[in-house]
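One file, final_32.pdb, is given below (PDB, N, CA and C atoms).
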MODEL        1
ATOM      1  N   MET A 111      49.918  80.867  93.383
ATOM      2  CA  MET A 111      48.911  81.432  92.523
ATOM      3  C   MET A 111      47.737  81.891  93.366
ATOM      4  N   ALA A 112      47.157  82.987  93.036
ATOM      5  CA  ALA A 112      46.053  83.564  93.801
ATOM      6  C   ALA A 112      44.795  82.710  93.684
ATOM      7  N   LEU A 113      44.067  82.631  94.774
ATOM      8  CA  LEU A 113      42.823  81.880  94.841
ATOM      9  C   LEU A 113      41.643  82.824  94.915
ATOM     10  N   LEU A 114      40.457  82.270  94.895
ATOM     11  CA  LEU A 114      39.254  83.057  95.159
ATOM     12  C   LEU A 114      39.180  83.334  96.654
ATOM     13  N   PRO A 115      38.630  84.487  97.067
ATOM     14  CA  PRO A 115      38.585  84.839  98.491
ATOM     15  C   PRO A 115      37.897  83.795  99.369
ATOM     16  N   GLU A 116      36.931  83.091  98.833
ATOM     17  CA  GLU A 116      36.221  82.101  99.649
ATOM     18  C   GLU A 116      36.991  80.797  99.824
ATOM     19  N   ASN A 117      38.110  80.618  99.116
ATOM     20  CA  ASN A 117      38.887  79.384  99.195
ATOM     21  C   ASN A 117      40.174  79.506  99.997
ATOM     22  N   VAL A 118      40.398  80.608 100.672
ATOM     23  CA  VAL A 118      41.663  80.797 101.393
ATOM     24  C   VAL A 118      41.719  79.946 102.646
ATOM     25  N   THR A 119      42.937  79.586 103.034
ATOM     26  CA  THR A 119      43.116  78.787 104.247
ATOM     27  C   THR A 119      43.915  79.521 105.312
ATOM     28  N   VAL A 120      44.659  80.594 104.922
ATOM     29  CA  VAL A 120      45.503  81.316 105.868
ATOM     30  C   VAL A 120      45.165  82.801 105.834
ATOM     31  N   VAL A 121      44.856  83.355 107.008
ATOM     32  CA  VAL A 121      44.640  84.790 107.155
ATOM     33  C   VAL A 121      45.525  85.244 108.304
ATOM     34  N   ILE A 122      46.395  86.210 108.038
ATOM     35  CA  ILE A 122      47.322  86.728 109.043
ATOM     36  C   ILE A 122      46.798  88.068 109.529
ATOM     37  N   HIS A 123      46.693  88.236 110.842
ATOM     38  CA  HIS A 123      46.271  89.520 111.405
ATOM     39  C   HIS A 123      47.518  90.314 111.785
ATOM     40  N   ASP A 124      47.659  91.486 111.176
ATOM     41  CA  ASP A 124      48.780  92.367 111.505
ATOM     42  C   ASP A 124      48.349  93.246 112.681
ATOM     43  N   ALA A 125      48.888  92.974 113.855
ATOM     44  CA  ALA A 125      48.459  93.649 115.076
ATOM     45  C   ALA A 125      48.728  95.153 115.041
ATOM     46  N   ARG A 126      49.816  95.567 114.409
ATOM     47  CA  ARG A 126      50.156  96.990 114.396
ATOM     48  C   ARG A 126      49.188  97.805 113.551
ATOM     49  N   THR A 127      48.828  97.305 112.377
ATOM     50  CA  THR A 127      47.939  98.059 111.484
ATOM     51  C   THR A 127      46.472  97.711 111.683
ATOM     52  N   GLY A 128      46.194  96.515 112.181
ATOM     53  CA  GLY A 128      44.822  96.057 112.311
ATOM     54  C   GLY A 128      44.281  95.429 111.030
ATOM     55  N   PHE A 129      45.118  95.299 110.008
ATOM     56  CA  PHE A 129      44.692  94.732 108.728
ATOM     57  C   PHE A 129      44.824  93.214 108.740
ATOM     58  N   GLU A 130      44.056  92.570 107.874
ATOM     59  CA  GLU A 130      44.224  91.151 107.615
ATOM     60  C   GLU A 130      45.022  90.997 106.327
ATOM     61  N   ILE A 131      45.950  90.060 106.334
ATOM     62  CA  ILE A 131      46.770  89.752 105.168
ATOM     63  C   ILE A 131      46.413  88.331 104.747
ATOM     64  N   VAL A 132      46.121  88.152 103.461
ATOM     65  CA  VAL A 132      45.806  86.827 102.928
ATOM     66  C   VAL A 132      46.844  86.502 101.854
ATOM     67  N   PRO A 133      47.949  85.850 102.247
ATOM     68  CA  PRO A 133      49.027  85.589 101.300
ATOM     69  C   PRO A 133      48.594  84.800 100.064
ATOM     70  N   GLU A 134      47.646  83.907 100.226
ATOM     71  CA  GLU A 134      47.188  83.098  99.097
ATOM     72  C   GLU A 134      46.543  83.926  97.991
ATOM     73  N   LEU A 135      46.067  85.113  98.329
ATOM     74  CA  LEU A 135      45.406  85.965  97.337
ATOM     75  C   LEU A 135      46.360  86.961  96.693
ATOM     76  N   CYS A 136      47.529  87.159  97.271
ATOM     77  CA  CYS A 136      48.472  88.149  96.758
ATOM     78  C   CYS A 136      49.159  87.637  95.499
ATOM     79  N   THR A 137      49.124  88.432  94.452
ATOM     80  CA  THR A 137      49.779  88.077  93.188
ATOM     81  C   THR A 137      51.119  88.778  93.024
ATOM     82  N   GLY A 138      51.456  89.673  93.941
ATOM     83  CA  GLY A 138      52.702  90.418  93.844
ATOM     84  C   GLY A 138      52.659  91.531  92.814
ATOM     85  N   CYS A 139      51.473  92.002  92.463
ATOM     86  CA  CYS A 139      51.331  92.997  91.389
ATOM     87  C   CYS A 139      51.933  94.356  91.743
ATOM     88  N   GLY A 140      51.983  94.718  93.030
ATOM     89  CA  GLY A 140      52.585  95.981  93.450
ATOM     90  C   GLY A 140      51.644  97.175  93.416
ATOM     91  N   LEU A 141      50.374  96.974  93.098
ATOM     92  CA  LEU A 141      49.440  98.098  93.049
ATOM     93  C   LEU A 141      49.298  98.762  94.417
ATOM     94  N   CYS A 142      49.338  97.985  95.481
ATOM     95  CA  CYS A 142      49.255  98.557  96.827
ATOM     96  C   CYS A 142      50.455  99.469  97.091
ATOM     97  N   GLN A 143      51.632  99.067  96.655
ATOM     98  CA  GLN A 143      52.841  99.859  96.842
ATOM     99  C   GLN A 143      52.791 101.148  96.037
ATOM    100  N   LEU A 144      52.378 101.061  94.793
ATOM    101  CA  LEU A 144      52.298 102.250  93.947
ATOM    102  C   LEU A 144      51.259 103.233  94.471
ATOM    103  N   THR A 145      50.137 102.730  94.937
ATOM    104  CA  THR A 145      49.101 103.593  95.491
ATOM    105  C   THR A 145      49.586 104.265  96.764
ATOM    106  N   CYS A 146      50.280 103.511  97.602
ATOM    107  CA  CYS A 146      50.834 104.052  98.848
ATOM    108  C   CYS A 146      51.750 105.236  98.562
ATOM    109  N   THR A 147      52.688 105.052  97.663
ATOM    110  CA  THR A 147      53.637 106.127  97.396
ATOM    111  C   THR A 147      52.985 107.302  96.676
ATOM    112  N   HIS A 148      51.988 107.024  95.866
ATOM    113  CA  HIS A 148      51.298 108.123  95.187
ATOM    114  C   HIS A 148      50.574 109.010  96.207
ATOM    115  N   VAL A 149      49.911 108.389  97.164
ATOM    116  CA  VAL A 149      49.167 109.150  98.178
ATOM    117  C   VAL A 149      50.113 109.814  99.177
ATOM    118  N   LYS A 150      51.120 109.101  99.617
ATOM    119  CA  LYS A 150      51.992 109.608 100.677
ATOM    120  C   LYS A 150      53.112 110.522 100.178
ATOM    121  N   GLN A 151      53.620 110.253  98.962
ATOM    122  CA  GLN A 151      54.796 110.991  98.499
ATOM    123  C   GLN A 151      54.586 111.688  97.157
ATOM    124  N   ARG A 152      53.408 111.528  96.588
ATOM    125  CA  ARG A 152      53.105 112.114  95.269
ATOM    126  C   ARG A 152      54.072 111.643  94.191
ATOM    127  N   ALA A 153      54.443 110.366  94.272
ATOM    128  CA  ALA A 153      55.327 109.752  93.287
ATOM    129  C   ALA A 153      54.977 108.270  93.209
ATOM    130  N   PHE A 154      55.327 107.639  92.133
ATOM    131  CA  PHE A 154      55.135 106.198  92.005
ATOM    132  C   PHE A 154      56.484 105.528  92.197
ATOM    133  N   SER A 155      56.630 104.800  93.308
ATOM    134  CA  SER A 155      57.918 104.176  93.620
ATOM    135  C   SER A 155      57.679 102.924  94.455
ATOM    136  N   LEU A 156      58.114 101.786  93.956
ATOM    137  CA  LEU A 156      57.986 100.560  94.739
ATOM    138  C   LEU A 156      58.898 100.604  95.961
ATOM    139  N   ALA A 157      60.083 101.187  95.806
ATOM    140  CA  ALA A 157      61.063 101.227  96.893
ATOM    141  C   ALA A 157      60.637 102.156  98.031
ATOM    142  N   GLY A 158      59.870 103.192  97.738
ATOM    143  CA  GLY A 158      59.496 104.154  98.759
ATOM    144  C   GLY A 158      58.199 103.848  99.481
ATOM    145  N   ALA A 159      57.564 102.739  99.164
ATOM    146  CA  ALA A 159      56.263 102.407  99.755
ATOM    147  C   ALA A 159      56.394 101.987 101.218
ATOM    148  N   TYR A 160      55.330 102.197 101.963
ATOM    149  CA  TYR A 160      55.273 101.780 103.363
ATOM    150  C   TYR A 160      54.770 100.346 103.484
ATOM    151  N   ILE A 161      54.600  99.699 102.355
ATOM    152  CA  ILE A 161      54.216  98.293 102.303
ATOM    153  C   ILE A 161      55.195  97.594 101.365
ATOM    154  N   ALA A 162      55.591  96.409 101.731
ATOM    155  CA  ALA A 162      56.521  95.641 100.905
ATOM    156  C   ALA A 162      55.869  94.315 100.533
ATOM    157  N   ILE A 163      56.168  93.849  99.340
ATOM    158  CA  ILE A 163      55.677  92.551  98.906
ATOM    159  C   ILE A 163      56.870  91.605  98.911
ATOM    160  N   GLU A 164      56.833  90.661  99.819
ATOM    161  CA  GLU A 164      57.944  89.725  99.958
ATOM    162  C   GLU A 164      57.627  88.415  99.248
ATOM    163  N   ARG A 165      58.573  87.929  98.471
ATOM    164  CA  ARG A 165      58.424  86.643  97.794
ATOM    165  C   ARG A 165      58.733  85.541  98.813
ATOM    166  N   VAL A 166      57.874  84.535  98.859
ATOM    167  CA  VAL A 166      58.067  83.427  99.788
ATOM    168  C   VAL A 166      58.158  82.132  98.989
ATOM    169  N   GLY A 167      59.260  81.464  99.118
ATOM    170  CA  GLY A 167      59.429  80.176  98.449
ATOM    171  C   GLY A 167      59.371  80.273  96.938
ATOM    172  N   SER A 168      58.307  79.744  96.371
ATOM    173  CA  SER A 168      58.178  79.695  94.916
ATOM    174  C   SER A 168      57.978  81.083  94.324
ATOM    175  N   GLU A 169      58.054  81.172  93.017
ATOM    176  CA  GLU A 169      57.922  82.455  92.342
ATOM    177  C   GLU A 169      56.515  83.026  92.419
ATOM    178  N   GLU A 170      55.524  82.218  92.739
ATOM    179  CA  GLU A 170      54.143  82.691  92.753
ATOM    180  C   GLU A 170      53.574  82.860  94.152
ATOM    181  N   SER A 171      54.403  82.911  95.173
ATOM    182  CA  SER A 171      53.940  83.094  96.548
ATOM    183  C   SER A 171      54.469  84.415  97.091
ATOM    184  N   PHE A 172      53.564  85.260  97.570
ATOM    185  CA  PHE A 172      53.918  86.590  98.049
ATOM    186  C   PHE A 172      53.202  86.884  99.358
ATOM    187  N   VAL A 173      53.831  87.726 100.190
ATOM    188  CA  VAL A 173      53.229  88.162 101.451
ATOM    189  C   VAL A 173      53.429  89.668 101.590
ATOM    190  N   PRO A 174      52.341  90.438 101.654
ATOM    191  CA  PRO A 174      52.467  91.872 101.928
ATOM    192  C   PRO A 174      52.850  92.094 103.392
ATOM    193  N   THR A 175      53.820  92.973 103.633
ATOM    194  CA  THR A 175      54.211  93.355 104.993
ATOM    195  C   THR A 175      54.301  94.873 105.051
ATOM    196  N   PHE A 176      54.111  95.420 106.233
ATOM    197  CA  PHE A 176      54.090  96.869 106.410
ATOM    198  C   PHE A 176      55.351  97.337 107.127
ATOM    199  N   THR A 177      55.888  98.472 106.698
ATOM    200  CA  THR A 177      57.059  99.038 107.349
ATOM    201  C   THR A 177      56.628  99.790 108.612
ATOM    202  N   ASP A 178      57.595 100.236 109.389
ATOM    203  CA  ASP A 178      57.297 101.006 110.595
ATOM    204  C   ASP A 178      56.711 102.381 110.261
ATOM    205  N   ASP A 179      56.923 102.856 109.036
ATOM    206  CA  ASP A 179      56.391 104.153 108.619
ATOM    207  C   ASP A 179      54.898 104.110 108.284
ATOM    208  N   CYS A 180      54.335 102.922 108.125
ATOM    209  CA  CYS A 180      52.914 102.787 107.773
ATOM    210  C   CYS A 180      52.049 103.367 108.889
ATOM    211  N   ASP A 181      51.096 104.234 108.503
ATOM    212  CA  ASP A 181      50.200 104.833 109.488
ATOM    213  C   ASP A 181      48.786 104.245 109.412
ATOM    214  N   SER A 182      48.628 103.113 108.753
ATOM    215  CA  SER A 182      47.351 102.394 108.655
ATOM    216  C   SER A 182      46.259 103.216 107.985
ATOM    217  N   CYS A 183      46.616 104.013 106.993
ATOM    218  CA  CYS A 183      45.606 104.856 106.327
ATOM    219  C   CYS A 183      44.607 104.018 105.539
ATOM    220  N   GLY A 184      45.013 102.847 105.057
ATOM    221  CA  GLY A 184      44.101 101.941 104.370
ATOM    222  C   GLY A 184      43.972 102.125 102.879
ATOM    223  N   VAL A 185      44.749 103.022 102.295
ATOM    224  CA  VAL A 185      44.640 103.228 100.851
ATOM    225  C   VAL A 185      45.028 101.946 100.105
ATOM    226  N   CYS A 186      45.943 101.179 100.635
ATOM    227  CA  CYS A 186      46.343  99.921 100.000
ATOM    228  C   CYS A 186      45.175  98.943  99.952
ATOM    229  N   ILE A 187      44.338  98.955 100.971
ATOM    230  CA  ILE A 187      43.176  98.077 101.015
ATOM    231  C   ILE A 187      42.216  98.415  99.880
ATOM    232  N   ASN A 188      41.994  99.695  99.676
ATOM    233  CA  ASN A 188      41.040 100.116  98.653
ATOM    234  C   ASN A 188      41.458  99.754  97.244
ATOM    235  N   TYR A 189      42.742  99.612  97.005
ATOM    236  CA  TYR A 189      43.208  99.346  95.653
ATOM    237  C   TYR A 189      43.748  97.942  95.443
ATOM    238  N   CYS A 190      43.654  97.088  96.441
ATOM    239  CA  CYS A 190      44.076  95.699  96.260
ATOM    240  C   CYS A 190      42.973  94.973  95.500
ATOM    241  N   GLY A 191      43.208  94.733  94.238
ATOM    242  CA  GLY A 191      42.210  94.098  93.385
ATOM    243  C   GLY A 191      42.024  92.620  93.641
ATOM    244  N   TYR A 192      42.865  92.051  94.478
ATOM    245  CA  TYR A 192      42.792  90.617  94.760
ATOM    246  C   TYR A 192      42.370  90.328  96.200
ATOM    247  N   GLU A 193      42.116  91.371  96.962
ATOM    248  CA  GLU A 193      41.654  91.264  98.349
ATOM    249  C   GLU A 193      42.666  90.582  99.261
ATOM    250  N   ALA A 194      43.938  90.733  98.974
ATOM    251  CA  ALA A 194      44.985  90.153  99.812
ATOM    252  C   ALA A 194      45.217  90.975 101.070
ATOM    253  N   ILE A 195      44.819  92.250 101.052
ATOM    254  CA  ILE A 195      44.904  93.134 102.214
ATOM    255  C   ILE A 195      43.489  93.619 102.468
ATOM    256  N   ARG A 196      43.019  93.461 103.697
ATOM    257  CA  ARG A 196      41.640  93.855 103.975
ATOM    258  C   ARG A 196      41.459  94.161 105.456
ATOM    259  N   LEU A 197      40.351  94.800 105.765
ATOM    260  CA  LEU A 197      39.985  95.031 107.156
ATOM    261  C   LEU A 197      39.277  93.785 107.668
ATOM    262  N   PRO A 198      39.413  93.471 108.951
ATOM    263  CA  PRO A 198      38.722  92.300 109.488
ATOM    264  C   PRO A 198      37.214  92.394 109.248
ATOM    265  N   GLY A 199      36.658  91.314 108.743
ATOM    266  CA  GLY A 199      35.222  91.263 108.491
ATOM    267  C   GLY A 199      34.792  91.817 107.143
ATOM    268  N   GLN A 200      35.690  92.413 106.400
ATOM    269  CA  GLN A 200      35.362  92.949 105.079
ATOM    270  C   GLN A 200      36.127  92.163 104.028
ATOM    271  N   HIS A 201      35.409  91.724 103.011
ATOM    272  CA  HIS A 201      36.048  90.904 101.992
ATOM    273  C   HIS A 201      35.924  91.490 100.601
ATOM    274  N   ARG A 202      35.538  92.726 100.503
ATOM    275  CA  ARG A 202      35.446  93.362  99.200
ATOM    276  C   ARG A 202      36.019  94.761  99.295
ATOM    277  N   SER A 203      37.101  95.000  98.572
ATOM    278  CA  SER A 203      37.696  96.329  98.540
ATOM    279  C   SER A 203      36.878  97.229  97.630
ATOM    280  N   TRP A 204      37.129  98.518  97.700
ATOM    281  CA  TRP A 204      36.453  99.462  96.809
ATOM    282  C   TRP A 204      36.709  99.077  95.359
ATOM    283  N   PHE A 205      37.936  98.714  95.037
ATOM    284  CA  PHE A 205      38.324  98.355  93.677
ATOM    285  C   PHE A 205      37.527  97.161  93.178
ATOM    286  N   VAL A 206      37.383  96.136  94.015
ATOM    287  CA  VAL A 206      36.659  94.927  93.622
ATOM    288  C   VAL A 206      35.172  95.227  93.495
ATOM    289  N   ARG A 207      34.612  95.989  94.425
ATOM    290  CA  ARG A 207      33.179  96.339  94.336
ATOM    291  C   ARG A 207      32.896  97.131  93.068
ATOM    292  N   ALA A 208      33.775  98.080  92.726
ATOM    293  CA  ALA A 208      33.571  98.884  91.519
ATOM    294  C   ALA A 208      33.674  98.012  90.273
ATOM    295  N   ARG A 209      34.611  97.091  90.267
ATOM    296  CA  ARG A 209      34.759  96.173  89.127
ATOM    297  C   ARG A 209      33.505  95.322  88.972
ATOM    298  N   GLU A 210      32.938  94.858  90.089
ATOM    299  CA  GLU A 210      31.717  94.056  90.033
ATOM    300  C   GLU A 210      30.547  94.886  89.529
ATOM    301  N   LEU A 211      30.449  96.140  89.981
ATOM    302  CA  LEU A 211      29.364  97.014  89.518
ATOM    303  C   LEU A 211      29.474  97.300  88.026
ATOM    304  N   ARG A 212      30.683  97.554  87.543
ATOM    305  CA  ARG A 212      30.874  97.794  86.112
ATOM    306  C   ARG A 212      30.486  96.564  85.305
ATOM    307  N   GLY A 213      30.811  95.394  85.802
ATOM    308  CA  GLY A 213      30.470  94.151  85.114
ATOM    309  C   GLY A 213      28.981  93.916  85.062
ATOM    310  N   SER A 214      28.272  94.198  86.155
ATOM    311  CA  SER A 214      26.818  93.996  86.166
ATOM    312  C   SER A 214      26.118  95.039  85.310
ATOM    313  N   ALA A 215      26.649  96.257  85.256
ATOM    314  CA  ALA A 215      26.055  97.294  84.415
ATOM    315  C   ALA A 215      26.223  96.951  82.942
ATOM    316  N   ALA A 216      27.360  96.377  82.580
ATOM    317  CA  ALA A 216      27.605  95.995  81.194
ATOM    318  C   ALA A 216      26.669  94.878  80.770
ATOM    319  N   ARG A 217      26.352  93.956  81.691
ATOM    320  CA  ARG A 217      25.443  92.855  81.360
ATOM    321  C   ARG A 217      24.007  93.338  81.208
ATOM    322  N   GLU A 218      23.646  94.407  81.921
ATOM    323  CA  GLU A 218      22.269  94.912  81.870
ATOM    324  C   GLU A 218      22.004  95.796  80.664
ATOM    325  N   THR A 219      23.031  96.320  80.040
ATOM    326  CA  THR A 219      22.879  97.227  78.905
ATOM    327  C   THR A 219      22.496  96.421  77.666
ATOM    328  N   PRO A 220      21.340  96.757  77.055
ATOM    329  CA  PRO A 220      20.938  96.027  75.854
ATOM    330  C   PRO A 220      21.864  96.378  74.675
ATOM    331  N   ALA A 221      22.106  95.391  73.853
ATOM    332  CA  ALA A 221      23.010  95.593  72.714
ATOM    333  C   ALA A 221      22.285  96.138  71.517
TER     334      ALA A 221
ENDMDL
END
Rendering of file as structure tokens:
Amino acid sequence: MALLPENVTVVIHDARTGFEIVPELCTGCGLCQLTCTHVKQRAFSLAGAYIAIERVGSEESFVPTFTDDCDSCGVCINYCGYEAIRLPGQHRSWFVRARELRGSAARETPA
């Protein structure tokens, strides 16, 4: 089950892409895969993605891995809503920052 980013215990550095992988945060949702194929191939396909989500052990444990075709464009990082894929030193993806901004704007709007 996914944890909060501040509670993770394992961070894997992928030397080829330069990305950090946090398996504890991955829910296996596949949004990174769909975004990858949409940008690279103009189609939505889990099978055609340059990133794979591998199930590890239990049904709720996943690890994102990159294929040899991955060119480290980073689009998967921007759309990972759980921050399981990130750049070193960055813990908020564009998707998460936008979600936080929308939430704070909704709280500030008088009813």
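Computed from the coordinates, the CA of Gly158 (chain A) to CA of Val121 (chain A) distance equals 25.8 Å.
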Closest of A:Asp124, A:Glu193, A:Glu210, A:Glu134 to Val173 (chain A), counting only C-alpha atoms, is A:Glu134
Picked residues, the PyMOL selection byres (((chain A and resi 178 and name CA) around 10) and name CA), expected as a count of residues only:
10
Please report, as JSON, the centre and edge lengths in Å to one decimal of an axis-aligned box covering all listed atoms of region 183-192 of chain A with 3 Å per side.
{"center_x": 43.8, "center_y": 97.6, "center_z": 100.2, "size_x": 11.6, "size_y": 20.5, "size_z": 19.6}
Written as an MDAnalysis selection string, which residues does the PyMOL selection byres ((chain A and resi 141-155) around 7) give for the file shown?
chainID A and resid 138:140 156:162 185:187 189:190
Would you save the residues of that selection, restricted to N, CA and C atoms, as a compact mmCIF listing (two decimals), keeping the file's coordinate frame?
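Result written to selection.txt:
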# COMPACT_ATOMS: atom_id res chain seq x y z
N GLY A 138 51.46 89.67 93.94
CA GLY A 138 52.70 90.42 93.84
C GLY A 138 52.66 91.53 92.81
N CYS A 139 51.47 92.00 92.46
CA CYS A 139 51.33 93.00 91.39
C CYS A 139 51.93 94.36 91.74
N GLY A 140 51.98 94.72 93.03
CA GLY A 140 52.58 95.98 93.45
C GLY A 140 51.64 97.18 93.42
N LEU A 156 58.11 101.79 93.96
CA LEU A 156 57.99 100.56 94.74
C LEU A 156 58.90 100.60 95.96
N ALA A 157 60.08 101.19 95.81
CA ALA A 157 61.06 101.23 96.89
C ALA A 157 60.64 102.16 98.03
N GLY A 158 59.87 103.19 97.74
CA GLY A 158 59.50 104.15 98.76
C GLY A 158 58.20 103.85 99.48
N ALA A 159 57.56 102.74 99.16
CA ALA A 159 56.26 102.41 99.76
C ALA A 159 56.39 101.99 101.22
N TYR A 160 55.33 102.20 101.96
CA TYR A 160 55.27 101.78 103.36
C TYR A 160 54.77 100.35 103.48
N ILE A 161 54.60 99.70 102.36
CA ILE A 161 54.22 98.29 102.30
C ILE A 161 55.20 97.59 101.36
N ALA A 162 55.59 96.41 101.73
CA ALA A 162 56.52 95.64 100.90
C ALA A 162 55.87 94.32 100.53
N VAL A 185 44.75 103.02 102.30
CA VAL A 185 44.64 103.23 100.85
C VAL A 185 45.03 101.95 100.10
N CYS A 186 45.94 101.18 100.64
CA CYS A 186 46.34 99.92 100.00
C CYS A 186 45.18 98.94 99.95
N ILE A 187 44.34 98.96 100.97
CA ILE A 187 43.18 98.08 101.02
C ILE A 187 42.22 98.42 99.88
N TYR A 189 42.74 99.61 97.00
CA TYR A 189 43.21 99.35 95.65
C TYR A 189 43.75 97.94 95.44
N CYS A 190 43.65 97.09 96.44
CA CYS A 190 44.08 95.70 96.26
C CYS A 190 42.97 94.97 95.50
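Going from atom C of Tyr192 (chain A) over to atom C of Val132 (chain A), you cover 8.2 Å.
If you look at atom C of Leu135 (chain A) and atom C of Ala194 (chain A), they are 6.0 Å away from each other.
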In region 138-186 of chain A, what's strand (DSSP E or B) per DSSP? Answer as number ranges by chain?
A: 161-165, 172-176
